[in-house]
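Trainee: Take a look at query-v5.cif, mmCIF, C-alpha atoms, pLDDT in the B column; chains and numbers go by the auth columns:
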data_query
loop_
_atom_site.group_PDB
_atom_site.id
_atom_site.type_symbol
_atom_site.label_atom_id
_atom_site.label_comp_id
_atom_site.label_asym_id
_atom_site.label_seq_id
_atom_site.Cartn_x
_atom_site.Cartn_y
_atom_site.Cartn_z
_atom_site.B_iso_or_equiv
_atom_site.auth_seq_id
_atom_site.auth_asym_id
ATOM 1 C CA MET A 1 20.466 29.010 42.088 63.00 23 A
ATOM 2 C CA GLY A 2 18.216 27.177 44.525 79.00 24 A
ATOM 3 C CA LYS A 3 18.790 26.929 48.245 80.00 25 A
ATOM 4 C CA VAL A 4 20.031 23.348 48.006 80.00 26 A
ATOM 5 C CA ALA A 5 22.567 24.213 45.302 80.00 27 A
ATOM 6 C CA PHE A 6 23.679 27.253 47.262 78.00 28 A
ATOM 7 C CA TRP A 7 24.356 25.252 50.437 81.00 29 A
ATOM 8 C CA ARG A 8 26.131 22.544 48.446 80.00 30 A
ATOM 9 C CA SER A 9 28.374 25.241 46.985 83.00 31 A
ATOM 10 C CA VAL A 10 29.062 26.618 50.442 79.00 32 A
ATOM 11 C CA ARG A 11 29.950 23.111 51.685 82.00 33 A
ATOM 12 C CA ILE A 12 32.263 22.503 48.721 83.00 34 A
ATOM 13 C CA LEU A 13 34.002 25.843 49.251 83.00 35 A
ATOM 14 C CA SER A 14 34.377 25.010 52.936 80.00 36 A
ATOM 15 C CA LYS A 15 36.041 21.692 52.049 82.00 37 A
ATOM 16 C CA ILE A 16 38.365 23.483 49.610 83.00 38 A
ATOM 17 C CA GLU A 17 39.291 25.955 52.349 81.00 39 A
ATOM 18 C CA GLU A 18 40.053 23.080 54.744 80.00 40 A
ATOM 19 C CA TRP A 19 42.164 21.364 52.093 80.00 41 A
ATOM 20 C CA CYS A 20 44.139 24.556 51.435 77.00 42 A
ATOM 21 C CA ALA A 21 44.782 25.036 55.141 76.00 43 A
ATOM 22 C CA LEU A 22 46.014 21.438 55.367 75.00 44 A
ATOM 23 C CA GLN A 23 48.373 21.978 52.428 76.00 45 A
ATOM 24 C CA VAL A 24 49.843 25.101 54.033 73.00 46 A
ATOM 25 C CA SER A 25 50.287 23.176 57.283 73.00 47 A
ATOM 26 C CA ASN A 26 51.999 20.335 55.420 72.00 48 A
ATOM 27 C CA LEU A 27 54.373 22.749 53.698 74.00 49 A
ATOM 28 C CA GLN A 28 55.264 24.334 57.006 69.00 50 A
ATOM 29 C CA ASN A 29 55.940 20.920 58.530 71.00 51 A
ATOM 30 C CA VAL A 30 58.165 19.941 55.611 70.00 52 A
ATOM 31 C CA ALA A 31 60.090 23.198 55.894 66.00 53 A
ATOM 32 C CA LYS A 32 60.583 22.644 59.618 69.00 54 A
ATOM 33 C CA SER A 33 61.695 19.050 59.101 69.00 55 A
ATOM 34 C CA LEU A 34 64.265 20.208 56.569 68.00 56 A
ATOM 35 C CA GLY A 35 65.708 22.575 59.148 65.00 57 A
ATOM 36 C CA ASN A 36 64.380 25.740 57.579 59.00 58 A
ATOM 37 C CA SER A 37 63.657 28.233 60.313 54.00 59 A
ATOM 38 C CA LYS A 38 61.672 30.438 57.954 59.00 60 A
ATOM 39 C CA VAL A 39 58.517 28.717 56.764 57.00 61 A
ATOM 40 C CA ASP A 40 57.155 31.449 54.494 64.00 62 A
ATOM 41 C CA ALA A 41 58.772 30.183 51.317 63.00 63 A
ATOM 42 C CA GLN A 42 55.947 31.431 49.122 68.00 64 A
ATOM 43 C CA GLY A 43 56.139 34.908 50.612 69.00 65 A
ATOM 44 C CA ASP A 44 59.911 34.909 50.287 67.00 66 A
ATOM 45 C CA SER A 45 59.670 33.861 46.656 68.00 67 A
ATOM 46 C CA GLN A 46 57.520 36.894 45.911 71.00 68 A
ATOM 47 C CA LYS A 47 59.854 39.476 47.417 72.00 69 A
ATOM 48 C CA LEU A 48 61.680 41.641 44.965 71.00 70 A
ATOM 49 C CA ILE A 49 65.436 41.434 45.046 72.00 71 A
ATOM 50 C CA PRO A 50 67.847 43.762 43.315 73.00 72 A
ATOM 51 C CA LEU A 51 68.974 42.276 40.012 72.00 73 A
ATOM 52 C CA GLY A 52 72.281 44.038 39.862 82.00 74 A
ATOM 53 C CA HIS A 53 73.272 46.465 37.148 83.00 75 A
ATOM 54 C CA ASP A 54 74.421 43.904 34.561 83.00 76 A
ATOM 55 C CA LEU A 55 71.325 41.719 34.786 83.00 77 A
ATOM 56 C CA SER A 56 69.041 44.762 34.769 83.00 78 A
ATOM 57 C CA LEU A 57 70.742 45.932 31.600 85.00 79 A
ATOM 58 C CA VAL A 58 70.208 42.551 29.901 87.00 80 A
ATOM 59 C CA VAL A 59 66.540 42.490 30.945 86.00 81 A
ATOM 60 C CA THR A 60 65.809 46.017 29.740 87.00 82 A
ATOM 61 C CA LYS A 61 67.587 45.530 26.401 89.00 83 A
ATOM 62 C CA TRP A 62 66.372 41.954 25.768 90.00 84 A
ATOM 63 C CA SER A 63 63.598 42.897 23.334 91.00 85 A
ATOM 64 C CA LYS A 64 66.105 44.818 21.183 92.00 86 A
ATOM 65 C CA LEU A 65 68.596 41.950 20.902 88.00 87 A
ATOM 66 C CA SER A 66 68.737 39.878 17.743 89.00 88 A
ATOM 67 C CA ALA A 67 67.648 36.233 17.851 90.00 89 A
ATOM 68 C CA PRO A 68 71.236 34.928 17.525 88.00 90 A
ATOM 69 C CA LEU A 69 72.368 37.062 20.486 89.00 91 A
ATOM 70 C CA LYS A 70 69.437 35.855 22.606 88.00 92 A
ATOM 71 C CA THR A 71 70.275 32.269 21.691 89.00 93 A
ATOM 72 C CA ALA A 72 73.924 32.795 22.610 88.00 94 A
ATOM 73 C CA ILE A 73 73.083 34.382 25.964 88.00 95 A
ATOM 74 C CA LEU A 74 70.670 31.570 26.817 88.00 96 A
ATOM 75 C CA ALA A 75 73.266 28.980 25.816 87.00 97 A
ATOM 76 C CA ILE A 76 75.882 30.593 28.061 87.00 98 A
ATOM 77 C CA VAL A 77 73.492 30.798 31.010 85.00 99 A
ATOM 78 C CA GLY A 78 72.320 27.229 30.410 85.00 100 A
ATOM 79 C CA SER A 79 75.887 25.946 30.451 86.00 101 A
ATOM 80 C CA VAL A 80 76.437 27.019 34.054 84.00 102 A
ATOM 81 C CA ASN A 81 75.726 24.356 36.670 78.00 103 A
ATOM 82 C CA THR A 82 74.196 25.393 39.962 70.00 104 A
ATOM 83 C CA PRO A 83 75.123 23.485 43.140 68.00 105 A
ATOM 84 C CA SER A 84 71.804 21.578 43.075 64.00 106 A
ATOM 85 C CA GLU A 85 72.478 20.442 39.496 56.00 107 A
ATOM 86 C CA ASP A 86 75.936 19.174 40.443 53.00 108 A
ATOM 87 C CA VAL A 87 74.393 16.718 42.901 51.00 109 A
ATOM 88 C CA ARG A 88 72.397 14.887 40.207 49.00 110 A
#
Can you present the structure in this file as structure tokens?
Mentor:
Amino acid sequence: MGKVAFWRSVRILSKIEEWCALQVSNLQNVAKSLGNSKVDAQGDSQKLIPLGHDLSLVVTKWSKLSAPLKTAILAIVGSVNTPSEDVR
């Protein structure tokens, strides 16, 4: 890679870094405008939460379930409306 190509790459990466910083800033502003006091939604989404005994059991046994049982479980779960789905 020549010097010119190298410096072009550095400039492009710098612009990408600026764009990413702007996106993070925009997300934080949106979170604040929605009244969310915590603005680390991405970090929060990556935190492990306890599944509970029943859900852990389903997850660990899932690969051993027959296709009809998997289909039935997914149908049951899919039939439950969450509060956000009720608004639609």
Trainee: Work out how far CA of Ser101 (chain A) is from CA of Leu87 (chain A), in Å to one decimal.
Mentor: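 Atom-to-atom, CA of Leu87 (chain A) to CA of Ser101 (chain A), that is 20.0 Å.
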Trainee: Hey, can you check how far CA of Trp84 (chain A) sits from CA of Thr104 (chain A)?
Mentor: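 Distance reported for this atom pair: 23.2 Å.
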Trainee: Quick one: pull the distance between CA of Pro72 (chain A) and CA of Val52 (chain A), Å, one decimal.
Mentor: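 If I compute the distance from CA of Pro72 (chain A) to CA of Val52 (chain A), I get 28.5 Å.
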Trainee: Let me make sure I understand: among A:Gln68, A:Phe28, A:Ile34, A:Ile95, which one has the smallest atom-to-atom distance to Val80 (chain A) if we use only C-alpha atoms?
Mentor: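 For Val80 (chain A), the nearest of the candidates is A:Ile95.
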Trainee: Take every atom of region 87-95 of chain A listed in the file, pad by 3 Å on each side, and give me the axis-aligned box centre and edge lengths in Å, one decimal, as AutoDock Vina command-line options.
Mentor:
--center_x 70.8 --center_y 37.1 --center_z 21.7 --size_x 12.3 --size_y 15.7 --size_z 14.4
